[in-house]
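Colleague: Pasting target-v9.txt here (compact mmCIF, C-alpha atoms):
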# COMPACT_ATOMS: atom_id res chain seq x y z
CA ASP L 1 30.30 -27.86 20.50
CA PRO L 2 27.28 -28.94 18.38
CA ILE L 3 26.61 -25.33 17.31
CA ARG L 4 29.69 -25.62 15.12
CA LEU L 5 27.80 -27.75 12.62
CA LEU L 6 25.58 -24.72 11.90
CA ARG L 7 28.62 -22.48 11.84
CA ALA L 8 30.35 -24.78 9.35
CA ILE L 9 27.42 -24.51 6.95
CA ARG L 10 27.47 -20.71 7.24
CA GLN L 11 31.21 -20.45 6.71
CA ALA L 12 31.16 -22.83 3.75
CA ALA L 13 28.50 -20.65 2.08
CA SER L 14 30.18 -17.34 2.86
CA LEU L 15 33.70 -18.45 1.88
CA GLY L 16 32.80 -20.67 -1.07
CA PHE L 17 34.22 -23.76 0.63
CA SER L 18 32.99 -27.36 0.58
CA LEU L 19 32.84 -29.79 3.47
CA HIS L 20 35.41 -32.55 3.84
CA PRO L 21 33.68 -35.97 3.91
CA GLN L 22 35.03 -36.72 7.39
CA THR L 23 33.85 -33.36 8.65
CA ARG L 24 30.42 -33.97 7.15
CA GLN L 25 30.19 -37.33 8.92
CA GLN L 26 31.18 -35.79 12.24
CA MET L 27 28.54 -33.11 11.73
CA LYS L 28 25.85 -35.72 11.13
CA GLU L 29 26.85 -37.49 14.33
CA ALA L 30 26.59 -34.21 16.25
CA VAL L 31 23.07 -33.35 15.04
CA PRO L 32 21.20 -35.03 17.97
CA LEU L 33 23.31 -32.96 20.37
CA LEU L 34 21.79 -29.72 19.08
CA VAL L 35 19.02 -30.05 21.65
CA LYS L 36 21.65 -29.31 24.32
CA VAL L 37 22.45 -25.95 22.71
CA SER L 38 20.49 -22.95 23.98
CA ALA L 39 17.75 -21.57 21.77
CA GLU L 40 19.53 -18.23 21.66
CA ARG L 41 22.71 -19.72 20.19
CA GLN L 42 20.70 -21.74 17.66
CA ARG L 43 18.81 -18.59 16.68
CA ASP L 44 21.95 -16.50 16.26
CA GLU L 45 23.60 -19.02 13.93
CA LEU L 46 20.39 -19.57 11.97
CA PHE L 47 19.89 -15.85 11.38
CA LYS L 48 23.51 -15.45 10.29
CA ILE L 49 22.87 -18.20 7.74
CA LEU L 50 19.71 -16.46 6.54
CA ALA L 51 21.50 -13.12 6.32
CA GLY L 52 24.46 -14.57 4.43
CA PRO L 53 25.03 -15.63 0.83
CA GLN L 54 23.21 -18.62 -0.66
CA PRO L 55 20.65 -19.14 2.12
CA ASP L 56 18.87 -21.71 -0.06
CA ALA L 57 22.01 -23.83 -0.46
CA SER L 58 22.70 -23.56 3.26
CA LEU L 59 19.19 -24.76 4.16
CA ARG L 60 19.48 -27.63 1.70
CA ALA L 61 22.75 -28.61 3.39
CA LEU L 62 21.05 -28.53 6.79
CA GLN L 63 18.29 -30.74 5.44
CA THR L 64 20.79 -33.20 3.97
CA LEU L 65 22.59 -33.42 7.31
CA GLY L 66 19.31 -34.17 9.09
CA VAL L 67 19.26 -30.93 11.08
CA LEU L 68 15.70 -29.76 10.29
CA PRO L 69 13.79 -32.02 12.75
CA HIS L 70 16.03 -30.75 15.56
CA LEU L 71 16.30 -27.07 14.62
CA LEU L 72 13.24 -26.22 12.50
CA PRO L 73 10.84 -29.16 12.87
CA GLU L 74 8.00 -27.43 11.03
CA LEU L 75 10.03 -27.63 7.79
CA ALA L 76 10.62 -31.39 7.75
CA PRO L 77 7.04 -32.27 6.55
CA LEU L 78 7.51 -30.06 3.47
CA LEU L 79 9.84 -32.55 1.81
CA GLY L 80 8.06 -34.38 -1.00
CA GLN L 81 4.79 -32.46 -0.49
CA GLU L 82 3.44 -32.24 -4.05
CA GLN L 83 1.67 -29.20 -5.50
CA SER L 84 -0.53 -28.70 -8.53
CA PRO L 85 0.37 -26.42 -11.47
CA PRO L 86 1.35 -23.66 -11.88
CA HIS L 87 3.78 -24.82 -9.20
CA VAL L 88 6.76 -26.59 -10.74
CA TYR L 89 8.25 -27.81 -7.42
CA ASP L 90 7.11 -29.64 -4.34
CA VAL L 91 6.67 -27.44 -1.25
CA TRP L 92 10.20 -27.90 0.09
CA ASN L 93 11.96 -27.18 -3.18
CA HIS L 94 9.58 -24.28 -3.77
CA THR L 95 10.57 -22.86 -0.39
CA LEU L 96 14.25 -23.09 -1.25
CA ALA L 97 13.56 -21.49 -4.64
CA VAL L 98 11.79 -18.61 -2.87
CA LEU L 99 14.91 -18.02 -0.77
CA ARG L 100 17.08 -18.15 -3.89
CA HIS L 101 14.92 -15.72 -5.85
CA LEU L 102 14.47 -13.41 -2.88
CA ASN L 103 18.25 -13.24 -2.52
CA GLY L 104 18.56 -12.47 -6.23
CA ILE L 105 15.83 -9.83 -6.19
CA LEU L 106 17.44 -8.03 -3.25
CA ALA L 107 20.78 -8.14 -5.06
CA VAL L 108 19.26 -6.47 -8.13
CA LEU L 109 17.59 -3.84 -5.93
CA ALA L 110 20.70 -3.17 -3.83
CA PRO L 111 22.19 0.35 -4.06
CA GLN L 112 25.51 -0.96 -5.36
CA TYR L 113 23.96 -3.04 -8.14
CA ASN L 114 25.59 -2.67 -11.56
CA GLU L 115 22.85 -1.75 -14.04
CA GLU L 116 24.78 -3.31 -16.92
CA LYS L 117 24.46 -6.74 -15.29
CA SER L 118 20.67 -6.61 -15.58
CA ASN L 119 20.87 -6.59 -19.37
CA ALA L 120 21.95 -10.23 -19.31
CA ASP L 121 18.64 -11.34 -17.77
CA LEU L 122 15.27 -10.15 -19.09
CA PHE L 123 13.42 -10.59 -15.80
CA ASN L 124 16.13 -8.86 -13.78
CA GLY L 125 16.24 -6.08 -16.34
CA LEU L 126 12.51 -5.51 -15.96
CA LEU L 127 12.86 -5.68 -12.17
CA SER L 128 15.58 -3.02 -12.26
CA LEU L 129 13.59 -0.86 -14.68
CA LYS L 130 10.35 -0.93 -12.69
CA LEU L 131 11.67 -0.84 -9.11
CA GLY L 132 15.25 0.42 -9.32
CA LYS L 133 14.18 3.91 -8.22
CA TYR L 134 13.43 2.52 -4.76
CA ARG L 135 16.90 1.07 -4.12
CA ALA L 136 17.80 3.56 -1.40
CA HIS L 137 14.38 3.22 0.26
CA LEU L 138 14.59 -0.57 0.27
CA SER L 139 18.14 -0.57 1.58
CA GLN L 140 17.08 1.61 4.49
CA HIS L 141 14.03 -0.56 5.16
CA LEU L 142 15.98 -3.84 5.18
CA ALA L 143 18.78 -2.42 7.30
CA ALA L 144 16.37 -1.23 9.97
CA SER L 145 16.67 -3.27 13.11
CA LEU L 146 13.81 -4.78 15.06
CA ASN L 147 16.50 -6.09 17.39
CA ALA L 148 20.03 -4.85 18.03
CA ASP L 149 21.55 -8.13 16.83
CA ARG L 150 19.36 -8.99 13.83
CA SER L 151 18.26 -7.09 10.73
CA ALA L 152 14.86 -6.83 9.08
CA ARG L 153 16.44 -8.52 6.07
CA ALA L 154 17.26 -11.68 8.04
CA LEU L 155 13.76 -11.72 9.51
CA LEU L 156 12.29 -11.49 6.01
CA PHE L 157 14.21 -14.62 5.02
CA PHE L 158 13.00 -16.37 8.17
CA ALA L 159 9.40 -15.53 7.24
CA ALA L 160 10.04 -16.66 3.64
CA LEU L 161 11.36 -19.94 5.00
CA TYR L 162 8.15 -20.44 6.97
CA HIS L 163 5.56 -18.97 4.58
CA ASP L 164 4.24 -22.36 3.37
CA THR L 165 4.82 -24.47 6.50
CA ALA L 166 1.10 -25.14 7.00
CA LYS L 167 0.57 -26.65 3.55
CA PRO L 168 0.92 -30.24 4.82
CA LEU L 169 -1.74 -29.45 7.45
CA THR L 170 -4.21 -27.90 5.00
CA ARG L 171 -3.79 -30.15 1.97
CA THR L 172 -6.99 -31.26 0.23
CA THR L 173 -7.53 -32.93 -3.13
CA GLN L 174 -10.40 -31.72 -5.28
CA PRO L 175 -12.60 -34.08 -7.37
CA ASP L 176 -10.65 -33.03 -10.45
CA GLY L 177 -7.40 -34.05 -8.76
CA ARG L 178 -6.22 -30.52 -8.07
CA ILE L 179 -4.38 -30.07 -4.77
CA ARG L 180 -5.42 -27.11 -2.59
CA PHE L 181 -4.03 -25.62 0.61
CA LEU L 182 -6.86 -23.40 1.82
CA GLY L 183 -6.01 -21.43 4.93
CA HIS L 184 -2.33 -22.29 4.87
CA ASP L 185 -1.43 -18.62 5.30
CA GLU L 186 -3.25 -18.17 8.62
CA LYS L 187 -2.24 -21.57 10.00
CA GLY L 188 1.30 -20.95 8.79
CA ALA L 189 1.37 -17.72 10.80
CA ALA L 190 0.61 -19.71 13.94
CA LEU L 191 3.45 -22.14 13.20
CA THR L 192 5.78 -19.22 12.53
CA LEU L 193 4.88 -17.62 15.83
CA LYS L 194 5.46 -20.91 17.64
CA ARG L 195 8.99 -21.22 16.20
CA ALA L 196 9.70 -17.52 16.77
CA ILE L 197 8.84 -17.97 20.44
CA ALA L 198 11.02 -21.08 20.68
CA LEU L 199 13.94 -19.16 19.13
CA ARG L 200 13.47 -16.29 21.60
CA LEU L 201 12.82 -13.63 19.01
CA SER L 202 11.72 -10.22 20.24
CA ASN L 203 8.05 -9.27 20.30
CA ASP L 204 8.53 -6.93 17.34
CA GLU L 205 10.20 -9.70 15.33
CA MET L 206 7.46 -12.17 16.24
CA ASN L 207 4.74 -9.78 15.13
CA ARG L 208 6.51 -8.91 11.87
CA ALA L 209 7.20 -12.55 10.93
CA LYS L 210 3.65 -13.58 11.81
CA GLU L 211 2.16 -10.77 9.70
CA ILE L 212 4.33 -11.59 6.69
CA VAL L 213 3.27 -15.24 6.70
CA ALA L 214 -0.39 -14.52 7.47
CA SER L 215 -0.71 -11.99 4.62
CA HIS L 216 1.62 -13.39 1.97
CA MET L 217 -1.23 -14.37 -0.38
CA LYS L 218 -2.86 -10.91 -0.50
CA ILE L 219 -0.57 -9.32 -3.08
CA HIS L 220 -1.11 -12.24 -5.45
CA PHE L 221 -4.80 -11.30 -5.68
CA HIS L 222 -3.86 -7.88 -7.06
CA THR L 223 -1.24 -9.20 -9.47
CA ARG L 224 -3.70 -11.76 -10.88
CA ARG L 225 -6.28 -9.00 -11.47
CA LYS L 226 -3.65 -6.88 -13.16
CA HIS L 227 -2.52 -9.76 -15.39
CA GLN L 228 -5.93 -11.18 -16.24
CA GLU L 229 -8.16 -8.09 -16.23
CA ALA L 230 -5.66 -5.20 -16.58
CA ALA L 231 -7.15 -3.88 -13.32
CA ASP L 232 -4.96 -1.74 -11.07
CA PRO L 233 -5.36 -1.79 -7.29
CA SER L 234 -7.45 1.13 -6.09
CA PRO L 235 -6.06 3.72 -3.65
CA LYS L 236 -8.49 2.35 -1.06
CA ALA L 237 -7.17 -1.19 -1.58
CA ILE L 238 -3.60 0.02 -1.14
CA TYR L 239 -4.60 1.96 1.98
CA ARG L 240 -6.27 -1.12 3.48
CA TYR L 241 -3.26 -3.28 2.62
CA PHE L 242 -0.83 -1.07 4.53
CA ARG L 243 -3.33 -0.38 7.33
CA GLN L 244 -3.22 -4.11 8.02
CA SER L 245 0.46 -4.81 7.44
CA GLY L 246 2.23 -1.51 8.15
CA SER L 247 5.90 -1.51 7.17
CA ALA L 248 5.75 -5.31 6.85
CA GLY L 249 3.84 -4.58 3.64
CA ILE L 250 7.16 -3.83 1.94
CA ASP L 251 8.49 -7.24 2.99
CA LEU L 252 5.32 -8.80 1.63
CA LEU L 253 5.88 -7.15 -1.74
CA LEU L 254 9.42 -8.52 -1.99
CA LEU L 255 8.32 -11.97 -0.85
CA GLY L 256 5.49 -11.86 -3.39
CA LEU L 257 7.92 -11.30 -6.25
CA ALA L 258 10.15 -14.15 -5.09
CA ASP L 259 7.12 -16.39 -4.60
CA THR L 260 6.00 -15.66 -8.17
CA ARG L 261 9.39 -16.51 -9.63
CA ALA L 262 9.64 -19.71 -7.57
CA THR L 263 6.12 -20.82 -8.45
CA TYR L 264 6.48 -20.55 -12.22
CA GLU L 265 10.25 -20.64 -12.79
CA GLN L 266 10.85 -21.21 -16.53
CA THR L 267 7.09 -21.15 -17.25
CA LEU L 268 6.71 -17.54 -16.05
CA THR L 269 5.68 -15.28 -18.91
CA GLN L 270 6.96 -11.77 -19.42
CA GLU L 271 3.39 -10.46 -19.24
CA ALA L 272 2.76 -12.06 -15.83
CA TRP L 273 6.07 -10.77 -14.47
CA VAL L 274 5.40 -7.24 -15.71
CA ALA L 275 1.98 -7.33 -14.05
CA ALA L 276 3.57 -8.32 -10.74
CA LEU L 277 6.17 -5.58 -11.07
CA ASP L 278 3.60 -2.92 -12.01
CA VAL L 279 1.46 -3.74 -8.98
CA THR L 280 4.48 -3.81 -6.69
CA ALA L 281 5.58 -0.44 -8.04
CA GLN L 282 2.18 1.08 -7.27
CA PHE L 283 2.29 -0.15 -3.68
CA MET L 284 5.88 1.03 -3.21
CA GLU L 285 5.06 4.41 -4.69
CA ALA L 286 2.22 4.81 -2.21
CA TRP L 287 4.40 3.86 0.78
CA PHE L 288 7.59 5.66 -0.14
CA GLU L 289 6.31 8.69 -2.09
CA LYS L 290 2.61 9.26 -1.39
CA ALA L 291 2.26 8.40 2.28
CA GLU L 292 0.29 11.53 3.17
CA GLU L 293 -2.01 11.04 0.20
CA ILE L 294 -2.68 7.28 0.45
CA ILE L 295 -1.14 5.69 3.54
CA ALA L 296 -1.84 8.20 6.31
CA PRO L 297 -4.03 11.10 5.12
CA PRO L 298 -4.23 14.06 7.53
CA ALA L 299 -7.09 13.81 10.00
CA LEU L 300 -9.93 16.17 9.12
CA LEU L 301 -12.01 15.24 12.18
CA ASN L 302 -11.37 13.52 15.48
CA GLY L 303 -13.56 11.68 17.91
CA ASN L 304 -14.39 14.80 19.92
CA ASP L 305 -15.50 16.58 16.75
CA LEU L 306 -17.90 13.74 15.93
CA MET L 307 -19.36 13.65 19.44
CA THR L 308 -19.80 17.44 19.35
CA GLU L 309 -21.47 17.61 15.95
CA LEU L 310 -23.41 14.33 16.05
CA PRO L 311 -25.42 12.63 18.78
CA LEU L 312 -22.72 10.02 19.31
CA LYS L 313 -21.29 8.60 22.52
CA PRO L 314 -17.79 7.13 23.02
CA GLY L 315 -17.54 3.67 21.50
CA PRO L 316 -16.43 1.63 18.50
CA GLU L 317 -18.82 3.50 16.21
CA ILE L 318 -16.54 6.55 16.44
CA GLY L 319 -13.55 4.58 15.16
CA THR L 320 -15.61 3.00 12.39
CA LEU L 321 -16.81 6.41 11.18
CA LEU L 322 -13.31 7.95 11.30
CA GLU L 323 -11.97 5.02 9.30
CA ALA L 324 -14.73 5.44 6.70
CA ILE L 325 -13.78 9.12 6.37
CA ARG L 326 -10.11 8.23 5.85
CA GLU L 327 -10.99 5.73 3.15
CA HIS L 328 -13.05 8.36 1.32
CA GLN L 329 -10.14 10.79 1.65
CA VAL L 330 -7.82 8.25 0.04
CA SER L 331 -10.37 7.63 -2.73
CA GLY L 332 -10.54 11.35 -3.48
CA ASN L 333 -14.15 11.80 -2.37
CA ILE L 334 -13.42 13.93 0.71
CA HIS L 335 -10.96 16.84 0.75
CA THR L 336 -12.02 19.28 3.46
CA ARG L 337 -13.25 19.29 7.03
CA ALA L 338 -16.66 20.48 5.84
CA GLU L 339 -16.92 17.56 3.42
CA ALA L 340 -15.86 15.15 6.15
CA LEU L 341 -18.51 16.53 8.49
CA ALA L 342 -21.17 16.32 5.80
CA PHE L 343 -20.23 12.71 5.16
CA ALA L 344 -20.38 11.95 8.87
CA LEU L 345 -23.85 13.49 9.17
CA GLY L 346 -25.08 11.51 6.17
CA TRP L 347 -23.51 8.33 7.48
CA HIS L 348 -25.14 8.74 10.88
CA PHE L 349 -28.53 9.63 9.38
CA ALA L 350 -28.48 6.55 7.12
CA LYS L 351 -27.51 4.34 10.03
CA THR L 352 -30.19 5.62 12.38
CA HIS L 353 -32.97 5.67 9.77
CA THR L 354 -32.37 2.28 8.18
CA PRO L 355 -35.04 -0.23 9.26
CA THR L 356 -33.70 -3.05 11.43
CA GLY L 357 -32.66 -6.05 9.37
CA LYS L 358 -32.35 -4.08 6.11
Rewrite the structure from the file as structure tokens, please.
Modeller:
Amino acid sequence: DPIRLLRAIRQAASLGFSLHPQTRQQMKEAVPLLVKVSAERQRDELFKILAGPQPDASLRALQTLGVLPHLLPELAPLLGQEQSPPHVYDVWNHTLAVLRHLNGILAVLAPQYNEEKSNADLFNGLLSLKLGKYRAHLSQHLAASLNADRSARALLFFAALYHDTAKPLTRTTQPDGRIRFLGHDEKGAALTLKRAIALRLSNDEMNRAKEIVASHMKIHFHTRRKHQEAADPSPKAIYRYFRQSGSAGIDLLLLGLADTRATYEQTLTQEAWVAALDVTAQFMEAWFEKAEEIIAPPALLNGNDLMTELPLKPGPEIGTLLEAIREHQVSGNIHTRAEALAFALGWHFAKTHTPTGK
């Protein structure tokens, strides 16, 4: 049964075993037969690998055996794909490093983590200090199931595995020799969706994985501003972030930390890491502790209210105005129904009395 070559990799990682040379050779010979295995069986073994220990080592073993073109063909072009600084790895080794760091970050933020262990590593100590208060929240989030047979944690690792898959398709070289991958997030989301469909993931899993890959660069914008300008994300920026990503925003935060570690490795400064942790903490605080204040403020007006008080008809303008009111609530500019109504009246007056084209 060709599926056993995937199972062997998983068992070797989980039990701390190594492969006998003869077994390894037989596994290589069985690789072309994987196409005869149903997508569902391939998916189940892959997700068990991603959910198990050492997912990075397991994926490297699959690559060495020649499995990637048959199981995850979008990953094969990543091998040897160079990147400019601050990246210290090519795209494939960066991807494996992201899996390794993500696994380590989740271990530090697990409920059963021994705080004394963090003292041995400065970066893990800072991680524990800044985000340790959310251990129970994160455990509950990652244990939540989008499918009865697979966890949100395993899906996060699948998205991490695919987050840079479009880099070979978007590679450009600037006049100064710098390599860029503009748009690799959006194109990568399409590749992720394609593989998710092929692996027969559920609709919820497909949407979550696609969102994680499509939005994985957004948090880096905020961490750079924090590091370079000491600028914190505004409540409105946090609101917009979670409005777009929903609960996947927590996965994006964890992936962002792993991506940072894997990008810089030994060149990562304490200041840059603290900036990333501070920003992550602010987003987690908003989601886990201040949801009513920042994520989902109570509605002060509804569409019927607007159509009653203003000369508005049903249409997209209603939704746009309600969203503007929510953003001003989050920013602390609107607190009451009367203030919301006054804003709506002013908004409508400005819109109807602004000359066309201005």
Colleague: Counting only C-alpha atoms, figure out which residue out of L:Ala344, L:Val67, L:Ala30, L:Leu277 gets nearest to Glu317 (chain L).
Modeller: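 Of all the options, L:Ala344 lies closest to Glu317 (chain L).
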Colleague: My list of candidates is L:Asn114, L:Asn333, L:Asn147, L:Thr23. Which is closest to Gly132 (chain L) when distances are computed with only C-alpha atoms?
Modeller: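 Checking each candidate against Gly132 (chain L), we get L:Asn114 as the closest.
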Colleague: With a distance cut-off of 12 Å and only C-alpha atoms, select the neighbouring residues of Leu322 (chain L), excluding the residue or stretch itself and same-chain residues fewer than 3 positions from it, and output the selection as a VMD selection string.
Modeller: chain L and resid 297 to 307 315 to 319 325 to 329 340 to 341 343 to 344 347 to 348
Colleague: Any idea what's packed within 12 Å of region 181-194 of chain L, counting only C-alpha atoms, ignoring anything in its chain fewer than 2 positions away? Could you give it as a ChimeraX atom specification?
Modeller: /L:72-75,81-84,91,155,158-174,178-179,196-218
Colleague: Considering all atoms listed in the file, can you say which of L:Leu126, L:Ile238, L:Ala258, L:Asn93 comes closest to Leu106 (chain L)?
Modeller: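 So, comparing all the options, the nearest one is L:Ala258.
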Colleague: What lies within 10 Å of Pro111 (chain L) using only C-alpha atoms, ignoring chain neighbours under 2 positions off, as a PyMOL selection string?
Modeller: chain L and resi 106-109+113-114+132-139
Colleague: Next, dump the selected residues to file, keeping only C-alpha atoms, as a short mmCIF file (atom, residue, chain, number, x, y, z; two decimals), keeping the file's coordinate frame.
Modeller:
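Produced file selection-v2.cif, reproduced below:
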data_model
loop_
_atom_site.label_atom_id
_atom_site.label_comp_id
_atom_site.auth_asym_id
_atom_site.auth_seq_id
_atom_site.Cartn_x
_atom_site.Cartn_y
_atom_site.Cartn_z
CA LEU L 106 17.44 -8.03 -3.25
CA ALA L 107 20.78 -8.14 -5.06
CA VAL L 108 19.26 -6.47 -8.13
CA LEU L 109 17.59 -3.84 -5.93
CA TYR L 113 23.96 -3.04 -8.14
CA ASN L 114 25.59 -2.67 -11.56
CA GLY L 132 15.25 0.42 -9.32
CA LYS L 133 14.18 3.91 -8.22
CA TYR L 134 13.43 2.52 -4.76
CA ARG L 135 16.90 1.07 -4.12
CA ALA L 136 17.80 3.56 -1.40
CA HIS L 137 14.38 3.22 0.26
CA LEU L 138 14.59 -0.57 0.27
CA SER L 139 18.14 -0.57 1.58
#
Colleague: Please determine, counting only C-alpha atoms, which residue among L:Leu131, L:Leu142, L:Ile334, L:Leu321 has the shortest atom-to-atom distance to Met284 (chain L).
Modeller: L:Leu131
Colleague: When you count only C-alpha atoms, which of these residues is closest to Leu46 (chain L): L:Lys290, L:Arg10, L:His222, L:Lys351?
Modeller: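 Nearest candidate to Leu46 (chain L) out of L:Lys290, L:Arg10, L:His222, L:Lys351: L:Arg10.
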Colleague: Please return, as a short mmCIF file (atom, residue, chain, number, x, y, z; two decimals) with C-alpha atoms, keeping the file's coordinate frame, all polymer residues that have at least one atom within 12 Å of the point (20.7, -28.3, 2.1); use only C-alpha atoms and the file's own coordinate frame.
Modeller:
data_model
loop_
_atom_site.label_atom_id
_atom_site.label_comp_id
_atom_site.auth_asym_id
_atom_site.auth_seq_id
_atom_site.Cartn_x
_atom_site.Cartn_y
_atom_site.Cartn_z
CA LEU L 6 25.58 -24.72 11.90
CA ILE L 9 27.42 -24.51 6.95
CA ARG L 10 27.47 -20.71 7.24
CA ALA L 12 31.16 -22.83 3.75
CA ALA L 13 28.50 -20.65 2.08
CA ILE L 49 22.87 -18.20 7.74
CA GLN L 54 23.21 -18.62 -0.66
CA PRO L 55 20.65 -19.14 2.12
CA ASP L 56 18.87 -21.71 -0.06
CA ALA L 57 22.01 -23.83 -0.46
CA SER L 58 22.70 -23.56 3.26
CA LEU L 59 19.19 -24.76 4.16
CA ARG L 60 19.48 -27.63 1.70
CA ALA L 61 22.75 -28.61 3.39
CA LEU L 62 21.05 -28.53 6.79
CA GLN L 63 18.29 -30.74 5.44
CA THR L 64 20.79 -33.20 3.97
CA LEU L 65 22.59 -33.42 7.31
CA GLY L 66 19.31 -34.17 9.09
CA VAL L 67 19.26 -30.93 11.08
CA LEU L 68 15.70 -29.76 10.29
CA ALA L 76 10.62 -31.39 7.75
CA LEU L 79 9.84 -32.55 1.81
CA TRP L 92 10.20 -27.90 0.09
CA ASN L 93 11.96 -27.18 -3.18
CA THR L 95 10.57 -22.86 -0.39
CA LEU L 96 14.25 -23.09 -1.25
CA ALA L 97 13.56 -21.49 -4.64
#
Colleague: Report as a tab-separated table (two decimals) with C-alpha atoms, keeping the file's coordinate frame all protein, DNA and RNA residues lying within 12 Å of Ala286 (chain L), evaluated on all atoms listed in the file, omitting residues in the same chain fewer than 5 positions from it.
Modeller:
chain	number	residue	atom	x	y	z
L	134	TYR	CA	13.43	2.52	-4.76
L	233	PRO	CA	-5.36	-1.79	-7.29
L	234	SER	CA	-7.45	1.13	-6.09
L	235	PRO	CA	-6.06	3.72	-3.65
L	236	LYS	CA	-8.49	2.35	-1.06
L	237	ALA	CA	-7.17	-1.19	-1.58
L	238	ILE	CA	-3.60	0.02	-1.14
L	239	TYR	CA	-4.60	1.96	1.98
L	240	ARG	CA	-6.27	-1.12	3.48
L	241	TYR	CA	-3.26	-3.28	2.62
L	242	PHE	CA	-0.83	-1.07	4.53
L	247	SER	CA	5.90	-1.51	7.17
L	249	GLY	CA	3.84	-4.58	3.64
L	250	ILE	CA	7.16	-3.83	1.94
L	279	VAL	CA	1.46	-3.74	-8.98
L	280	THR	CA	4.48	-3.81	-6.69
L	281	ALA	CA	5.58	-0.44	-8.04
L	291	ALA	CA	2.26	8.40	2.28
L	292	GLU	CA	0.29	11.53	3.17
L	293	GLU	CA	-2.01	11.04	0.20
L	294	ILE	CA	-2.68	7.28	0.45
L	295	ILE	CA	-1.14	5.69	3.54
L	296	ALA	CA	-1.84	8.20	6.31
L	297	PRO	CA	-4.03	11.10	5.12
L	330	VAL	CA	-7.82	8.25	0.04
